[in-house]
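Structure below is work_1.csv: CSV, C-alpha atoms.
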chain,number,residue,atom,x,y,z
A,805,MET,CA,297.6,38.2,211.5
A,806,LYS,CA,301.1,39.4,212.7
A,807,GLU,CA,301.8,40.9,209.3
A,808,ASN,CA,298.5,42.9,209.4
A,809,LYS,CA,299.4,44.3,212.8
A,810,LEU,CA,302.9,45.1,211.5
A,811,ALA,CA,301.4,46.8,208.4
A,812,GLU,CA,299.0,48.8,210.5
A,813,MET,CA,301.7,49.9,213.0
A,814,SER,CA,304.0,50.9,210.1
A,815,MET,CA,301.2,53.0,208.5
A,816,GLU,CA,300.6,54.8,211.8
A,817,PHE,CA,304.3,55.4,212.2
A,818,SER,CA,304.5,56.8,208.7
A,819,VAL,CA,301.7,59.2,209.5
A,820,ASP,CA,303.6,60.3,212.6
A,821,ILE,CA,306.8,60.8,210.5
A,822,ILE,CA,305.0,62.9,207.9
A,823,ASN,CA,303.6,65.1,210.7
A,824,LEU,CA,307.1,65.4,212.2
A,825,VAL,CA,308.5,66.4,208.8
A,826,LYS,CA,305.8,69.1,208.5
A,827,ASN,CA,306.8,70.5,211.8
A,828,LEU,CA,310.5,70.4,211.0
A,829,LYS,CA,310.0,72.1,207.7
A,830,ALA,CA,307.8,74.8,209.3
A,831,ASN,CA,310.8,75.4,211.6
A,832,ARG,CA,313.1,75.5,208.6
A,833,GLU,CA,314.9,72.2,209.3
A,834,SER,CA,315.3,70.5,205.9
A,835,ILE,CA,318.4,68.4,206.0
A,836,ILE,CA,317.3,65.8,208.5
A,837,SER,CA,313.6,66.2,207.8
A,838,ASN,CA,314.2,65.0,204.2
A,839,GLN,CA,316.2,62.0,205.4
A,840,ILE,CA,313.8,60.9,208.1
A,841,GLY,CA,310.9,61.5,205.8
A,842,ARG,CA,312.3,59.0,203.3
A,843,SER,CA,313.5,56.3,205.8
A,844,GLY,CA,310.5,56.6,208.1
A,845,THR,CA,307.9,56.1,205.4
A,846,SER,CA,310.0,53.5,203.6
A,847,ILE,CA,309.4,51.1,206.5
A,848,GLY,CA,305.7,50.8,205.8
A,849,ALA,CA,306.2,50.8,202.0
A,850,ASN,CA,308.5,47.8,202.2
A,851,ILE,CA,306.2,45.9,204.6
A,852,HIS,CA,303.4,46.6,202.2
A,853,GLU,CA,305.5,45.3,199.3
A,854,ALA,CA,306.4,42.2,201.2
A,855,GLN,CA,302.7,41.2,201.4
A,856,TYR,CA,302.8,40.9,197.6
A,857,ALA,CA,306.3,39.3,197.3
A,858,GLN,CA,307.1,36.9,194.5
A,859,GLY,CA,308.3,34.2,196.9
A,860,LYS,CA,309.8,33.6,200.3
A,861,LYS,CA,313.2,35.1,199.4
A,862,ASP,CA,311.6,38.3,198.1
A,863,PHE,CA,309.4,38.4,201.2
A,864,ILE,CA,312.4,38.2,203.5
A,865,SER,CA,314.3,40.7,201.5
A,866,LYS,CA,311.5,43.3,201.7
A,867,LEU,CA,311.3,42.8,205.5
A,868,GLU,CA,315.0,43.1,205.9
A,869,ILE,CA,315.0,46.4,203.9
A,870,ALA,CA,312.2,47.6,206.2
A,871,LEU,CA,314.3,46.7,209.2
A,872,LYS,CA,317.3,48.6,207.8
A,873,GLU,CA,315.1,51.6,207.2
A,874,ALA,CA,313.7,51.4,210.8
A,875,SER,CA,317.3,51.3,212.1
A,876,GLU,CA,318.2,54.4,210.0
A,877,THR,CA,315.0,56.2,211.2
A,878,GLY,CA,316.0,55.5,214.8
A,879,TYR,CA,319.4,57.2,214.1
A,880,TRP,CA,317.7,60.3,212.7
A,881,LEU,CA,315.3,60.5,215.6
A,882,GLU,CA,318.2,60.5,218.1
A,883,LEU,CA,320.0,63.1,216.0
A,884,LEU,CA,316.9,65.3,216.0
A,885,HIS,CA,316.7,65.0,219.7
A,886,ARG,CA,320.4,65.7,220.4
A,887,THR,CA,320.2,68.8,218.2
A,888,LYS,CA,317.1,70.0,220.0
A,889,HIS,CA,314.8,69.8,217.0
A,890,ILE,CA,312.4,67.6,218.9
A,891,ASP,CA,311.6,67.5,222.5
A,892,GLU,CA,312.1,64.7,225.0
A,893,HIS,CA,308.4,63.5,224.9
A,894,SER,CA,308.2,63.4,221.1
A,895,TYR,CA,311.6,61.6,220.9
A,896,LYS,CA,310.6,59.0,223.4
A,897,GLU,CA,307.2,58.4,221.8
A,898,LEU,CA,308.6,58.1,218.2
A,899,SER,CA,311.6,56.1,219.3
A,900,SER,CA,309.5,53.6,221.2
A,901,LYS,CA,307.2,53.1,218.1
A,902,CYS,CA,310.3,52.7,215.9
A,903,ALA,CA,311.8,50.2,218.3
A,904,SER,CA,308.6,48.2,218.4
A,905,LEU,CA,308.6,48.0,214.6
A,906,ARG,CA,312.2,46.8,214.7
A,907,VAL,CA,311.4,44.0,217.2
A,908,MET,CA,308.4,42.9,215.1
A,909,LEU,CA,310.4,43.0,211.9
A,910,ILE,CA,313.3,40.9,213.5
A,911,ALA,CA,310.8,38.3,214.7
A,912,SER,CA,309.0,38.2,211.3
A,913,CYS,CA,312.4,37.8,209.5
A,914,ARG,CA,313.4,35.1,211.8
A,915,THR,CA,310.1,33.2,211.4
A,916,ALA,CA,310.2,33.6,207.6
A,917,LYS,CA,313.7,32.3,207.4
A,918,GLU,CA,312.9,29.3,209.6
A,919,ASN,CA,309.9,28.5,207.5
A,920,ASN,CA,311.9,28.8,204.3
A,921,LYS,CA,314.3,25.9,205.2
Can the structure from this file be put into structure tokens for me?
Amino acid sequence: MKENKLAEMSMEFSVDIINLVKNLKANRESIISNQIGRSGTSIGANIHEAQYAQGKKDFISKLEIALKEASETGYWLELLHRTKHIDEHSYKELSSKCASLRVMLIASCRTAKENNK
């Protein structure tokens, strides 16, 4: 159940990131938009891959990669905000969603590791 919620949240976040990238590119910002486009959509892709992992270690590995991508995405969001490419409201909304994904991924990794002992 928790993984389904995580998968759904990451899909919604990916859609938000794709829409952000469209806006950034429309305003001729391509350096950060390419980076955040990759890292922001990679979160959900790795969560999806984890659902079909070849074992517990592979499952944990995919979730840990998703966590790293979420951390990177948080960095890009902050950089976009500090460089005035996104407004305060958009930054807070996307940053909050990203932080929620990180919290859920940390909990999922911890649980999977404990169950793997």
**Study point:** Counting all atoms listed in the file, the option among A:Thr845, A:Gln858, A:Asn920, A:Thr887 closest to Ala870 of chain A
**Key:**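 Checking each of A:Thr845, A:Gln858, A:Asn920, A:Thr887 against Ala870 of chain A, counting all atoms listed in the file, the winner is A:Thr845.
With distances taken over all atoms listed in the file, A:His889 is the one residue among A:Arg906, A:Lys896, A:His889, A:Arg914 lying closest to Ser837 of chain A.
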**Study point:** Å distance separating atom CA of Asp862 of chain A from atom CA of Ser912 of chain A, one decimal place
**Key:**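 Between these atoms lies a distance of 13.5 Å.
We find atom CA of Glu873 of chain A and atom CA of Ile847 of chain A to be spaced 5.8 Å apart.
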**Study point:** Nearest residue to Val819 of chain A from the set A:Ser846, A:Ser900, A:Ser875, A:Asn831 (distances using only C-alpha atoms)
**Key:** A:Ser846
Practice item. In Å, rounded to a single decimal, give me how far atom CA of Asn850 of chain A is from atom CA of Asp891 of chain A. Key: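 Calculated distance between atom CA of Asp891 of chain A and atom CA of Asn850 of chain A is 28.5 Å.
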**Study point:** Within 10 Å of Gln855 of chain A using only C-alpha atoms, minus same-chain residues under 2 positions, as a PyMOL selection string
**Key:** chain A and resi 807-808+811+850-853+857-858+862-863+866-867
Practice item. May I have the residues within 8 Å of Ile840 of chain A as a ChimeraX atom specification, using all atoms listed in the file and disregarding those fewer than 4 positions away in the same chain? Key: /A:821,825,836,844,877,880-881
Review point. With distances taken over all atoms listed in the file, which of A:Glu897, A:Glu876, A:Glu892, A:Glu868 is nearest to Cys913 of chain A?
Key: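 Among the listed residues, A:Glu868 lies closest to Cys913 of chain A.
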What box, with edges along x, y and z, holds each listed atom of segment 897-905 of chain A when 6 Å is added on every side, and can you state its centre and edge lengths in Å to one decimal, as AutoDock Vina command-line options?
--center_x 309.5 --center_y 53.2 --center_z 218.2 --size_x 16.6 --size_y 22.4 --size_z 19.2
Check your understanding: Pick the closest to Ser904 of chain A from A:Ile822, A:Ala916, A:Ser814, A:His885: which is it, counting only C-alpha atoms?
Key ->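 Going through A:Ile822, A:Ala916, A:Ser814, A:His885 one by one, the smallest distance to Ser904 of chain A is for A:Ser814.
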Check your understanding: Closest to Leu828 of chain A among A:Leu898, A:Ile890, A:Glu816, A:Asn919, using only C-alpha atoms?
Key ->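 Looking only at the distances to Leu828 of chain A, the closest residue turns out to be A:Ile890.
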